[in-house]
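Engineer: Sharing a structure with you now.
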Number of protein chains: 2
Amino acid sequence: MRPGPKRAFTGDDVLDAALALMDAGGPPALSIRRIAAALGVTPNAVYTYFPDKSGIEQALIERLLGEVNRSAPDSGDWRADLETLAVDLRRRLTAHPGAVPLLLGGAMNGPEALLLGERLLEILARGGLPAGAAARAAYLIMVYVLGAIALEVADVPQTGALSPETERIAARRTAMSQVPAELFPRTAASVDVSAAWIGTDQYLWGLHRVLDGLPAT
Amino acid sequence: MRPGPKRAFTGDDVLDAALALMDAGGPPALSIRRIAAALGVTPNAVYTYFPDKSGIEQALIERLLGEVNRSAPDSGDWRADLETLAVDLRRRLTAHPGAVPLLLGGAMNGPEALLLGERLLEILARGGLPAGAAARAAYLIMVYVLGAIALEVADVPQTGALSPETERIAARRTAMSQVPAELFPRTAASVDVSAAWIGTDQYLWGLHRVLDGLPAT
DNA sequence: GTTAACTCTGCACGGCGTACAGAAATGGTG
DNA sequence: CACCATTTCTGTACGCCGTGCAGAGTTAAC
């Protein structure tokens, strides 16, 4: 069927290596030359499977969102389904903090991104929200879900390895505890609370406050 | 007082040039060599005023947030003040879409960023929110305000010049209208609404839905 | 066996951040 | 005035980056 020599690696191998690099050092650590080195090939070999670097980033986003789309909650309770979807998305993204800037800065235009939006709208429609309100509500919820993850990740300094969750929390605590209390008393007073925001419970607290603010059916 | 030759440019000139580059082409267009070229000096001259590139980015963020901090609304109505603060922040950031990824991906640890958080907490305290709830509510509101801006900007393709507002809206419309309706019927149906989300009214609609969900005094 | 398709290598180019040494210009001090 | 310490900016260079181009090597189809 296919002429040519046996493949030394696949496009999936490229994404595996790319994700490992992102986890280790964030977006600046992602380079084609490093991916190629990790795979034991020359840099240009990567261009066999991807047109350019942004193609790799796009595929990486699609893979992450695709994992979220794999599970389709349909418990009958639309609010519980929405919660499941948000928690799933948050877990996938916080597991790979280095990829979050990519998702925010890059385009969410791929098929998996659209499918995710479609599922969000479907759940809201099941909740009985009118069409126009559903579109706006979906926007509001996506703002909250993605924004919360982004802020959570943004507090962590991007330089150096930060893969273990414990290391992330520690880095965040030290960064926040450097706030001079005499200049910013309120911020300094909320440092302890800030450290607790990491938890899933607080994340869901915010989501439900958003849901409570939605227009009723 | 100060020995040495007369200065050919200042640190402010560097930030001016940097902001112009970001407005024209987003973060990838920001380079020390381009800044130096715009100022008519050699690249290393920039290092007279900034230790490295991230120092420039940090100062750029601080300048933008500082402009928001310059106006201190105190109308007596805490909810109106919060609205003013959010709209101010949104206006400053959407005026420079290329700088938003910097703000999200970079650190919000500078003095102006802390002052902004301090003012946010002060307004909420005036609203009578209890201390612990205020900290969580401030987090929720910042999530919404920053997240909304980020999503708004994220829909615009980053490549190429996109400074005029009209061009941004046009680019967004075309990007969204490419959604295949047979695969993503709900998303495609909301395209028109999506194009309208740009307006300040819709932005405030979302903010007030968040405020409505906050615990009462 | 020949050929066409495909994978991967080697080389090269321009751009990037920035380290290092040094020239040029200035104000303070004798 | 001359001298000097200080500051500003230049010149050169290094290693990394994405990637264009030509071509070597390998395979399946005819």
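Letters A, B, ... mark the chains of the structure tokens in the order given; residue numbers begin at 1 per chain; ligand numbers begin at 1, in order shown.
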Once you count only C-alpha atoms, which residues of chain B turn out to be within 6 Å of chain A? Could you give them as a PyMOL selection string?
Structural biologist: chain B and resi 101+105+118+143-144+147-148+154+187+209-210+212-213
Engineer: Residues of chain A were defined as contacting chain D if any atom lay at most 7 Å from it, counting only C-alpha atoms (C1' of nucleotides); please report them as a tab-separated table (two decimals) with C-alpha atoms, in the first residue's frame.
Structural biologist:
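Output contents, as saved in iface.tsv:
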```
chain	number	residue	atom	x	y	z
A	1	MET	CA	0.00	0.00	0.00
A	2	ARG	CA	2.40	2.61	1.20
A	3	PRO	CA	5.82	2.93	-0.38
A	4	GLY	CA	8.78	4.36	1.52
A	5	PRO	CA	10.91	3.15	4.41
```
Engineer: Could I get the residues of chain B with an atom no further than 12 Å from an atom of chain C, each paired with its nearest atom pair and that distance in Å to one decimal, using only C-alpha atoms (C1' of nucleotides), sorted by chain and residue number, as a Markdown table?
Structural biologist:
```
| residue | atom | partner | partner_atom | distance |
| --- | --- | --- | --- | --- |
| B:Met1 | CA | C:DG27 | C1' | 6.1 |
| B:Arg2 | CA | C:DG27 | C1' | 6.3 |
| B:Pro3 | CA | C:DT26 | C1' | 4.6 |
| B:Gly4 | CA | C:DT26 | C1' | 4.3 |
| B:Pro5 | CA | C:DA25 | C1' | 4.2 |
| B:Lys6 | CA | C:DA25 | C1' | 7.6 |
| B:Arg7 | CA | C:DA25 | C1' | 10.3 |
| B:Pro28 | CA | C:DC16 | C1' | 10.9 |
| B:Ala29 | CA | C:DC16 | C1' | 11.3 |
| B:Leu30 | CA | C:DC16 | C1' | 10.7 |
| B:Ser31 | CA | C:DC16 | C1' | 7.7 |
| B:Ile32 | CA | C:DG17 | C1' | 7.8 |
| B:Arg33 | CA | C:DC16 | C1' | 8.1 |
| B:Arg34 | CA | C:DC16 | C1' | 10.4 |
| B:Pro43 | CA | C:DT18 | C1' | 9.4 |
| B:Asn44 | CA | C:DT18 | C1' | 7.9 |
| B:Ala45 | CA | C:DT18 | C1' | 11.4 |
| B:Val46 | CA | C:DT18 | C1' | 11.0 |
| B:Tyr47 | CA | C:DT18 | C1' | 9.1 |
| B:Pro51 | CA | C:DT18 | C1' | 10.0 |
| B:Asp52 | CA | C:DT18 | C1' | 8.2 |
| B:Lys53 | CA | C:DG17 | C1' | 7.8 |
| B:Ser54 | CA | C:DG17 | C1' | 10.7 |
```
Engineer: For those residues, write N, CA and C atoms to a file as a short mmCIF file (atom, residue, chain, number, x, y, z; two decimals), in the first residue's frame.
Structural biologist:
```cif
data_model
loop_
_atom_site.label_atom_id
_atom_site.label_comp_id
_atom_site.auth_asym_id
_atom_site.auth_seq_id
_atom_site.Cartn_x
_atom_site.Cartn_y
_atom_site.Cartn_z
N MET B 1 25.56 65.90 37.52
CA MET B 1 24.99 64.81 38.31
C MET B 1 25.30 63.45 37.68
N ARG B 2 24.85 63.30 36.44
CA ARG B 2 24.98 61.99 35.79
C ARG B 2 26.01 62.03 34.67
N PRO B 3 27.10 61.36 34.83
CA PRO B 3 28.09 61.32 33.74
C PRO B 3 27.56 60.51 32.58
N GLY B 4 28.33 60.45 31.50
CA GLY B 4 27.95 59.69 30.33
C GLY B 4 27.30 60.54 29.27
N PRO B 5 27.19 60.02 28.07
CA PRO B 5 26.64 60.79 26.95
C PRO B 5 25.14 61.03 27.12
N LYS B 6 24.62 61.94 26.33
CA LYS B 6 23.19 62.22 26.39
C LYS B 6 22.40 61.01 25.90
N ARG B 7 21.26 60.80 26.56
CA ARG B 7 20.48 59.61 26.24
C ARG B 7 19.80 59.76 24.88
N PRO B 28 4.26 37.40 19.33
CA PRO B 28 5.41 36.96 18.51
C PRO B 28 6.12 38.12 17.81
N ALA B 29 5.44 39.26 17.66
CA ALA B 29 6.06 40.40 16.98
C ALA B 29 6.95 41.20 17.92
N LEU B 30 6.88 40.90 19.20
CA LEU B 30 7.68 41.66 20.17
C LEU B 30 9.08 41.06 20.28
N SER B 31 10.06 41.78 19.80
CA SER B 31 11.44 41.32 19.91
C SER B 31 12.33 42.51 20.23
N ILE B 32 13.37 42.24 20.97
CA ILE B 32 14.30 43.30 21.35
C ILE B 32 14.93 43.93 20.12
N ARG B 33 15.23 43.12 19.16
CA ARG B 33 15.86 43.65 17.94
C ARG B 33 14.92 44.60 17.20
N ARG B 34 13.64 44.26 17.19
CA ARG B 34 12.68 45.14 16.52
C ARG B 34 12.49 46.43 17.30
N PRO B 43 20.50 46.57 19.22
CA PRO B 43 19.69 45.78 20.16
C PRO B 43 20.18 45.87 21.61
N ASN B 44 21.49 45.82 21.79
CA ASN B 44 21.99 45.79 23.17
C ASN B 44 21.78 47.09 23.91
N ALA B 45 21.47 48.16 23.21
CA ALA B 45 21.21 49.43 23.90
C ALA B 45 19.98 49.31 24.80
N VAL B 46 19.05 48.43 24.42
CA VAL B 46 17.84 48.26 25.22
C VAL B 46 18.19 47.74 26.62
N TYR B 47 19.26 47.00 26.70
CA TYR B 47 19.64 46.41 27.99
C TYR B 47 20.14 47.47 28.98
N PRO B 51 16.62 44.58 32.23
CA PRO B 51 17.58 43.48 32.39
C PRO B 51 17.46 42.43 31.28
N ASP B 52 16.23 42.19 30.83
CA ASP B 52 16.02 41.21 29.76
C ASP B 52 14.63 41.41 29.17
N LYS B 53 14.25 40.55 28.26
CA LYS B 53 12.98 40.72 27.57
C LYS B 53 11.80 40.61 28.52
N SER B 54 11.85 39.68 29.45
CA SER B 54 10.72 39.52 30.36
C SER B 54 10.56 40.77 31.23
#
```
Engineer: Mind listing the alpha helix (DSSP H) residues of segment 50-123 of chain A, per DSSP on the backbone, as a PyMOL selection string?
Structural biologist: chain A and resi 53-70+78-95+100-105+111-123
Engineer: Quote the spacing between atom CA of Arg70 of chain B and atom CA of Ala86 of chain B in Å to one decimal place.
Structural biologist: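 Separating atom CA of Arg70 of chain B from atom CA of Ala86 of chain B is a distance of 13.6 Å.
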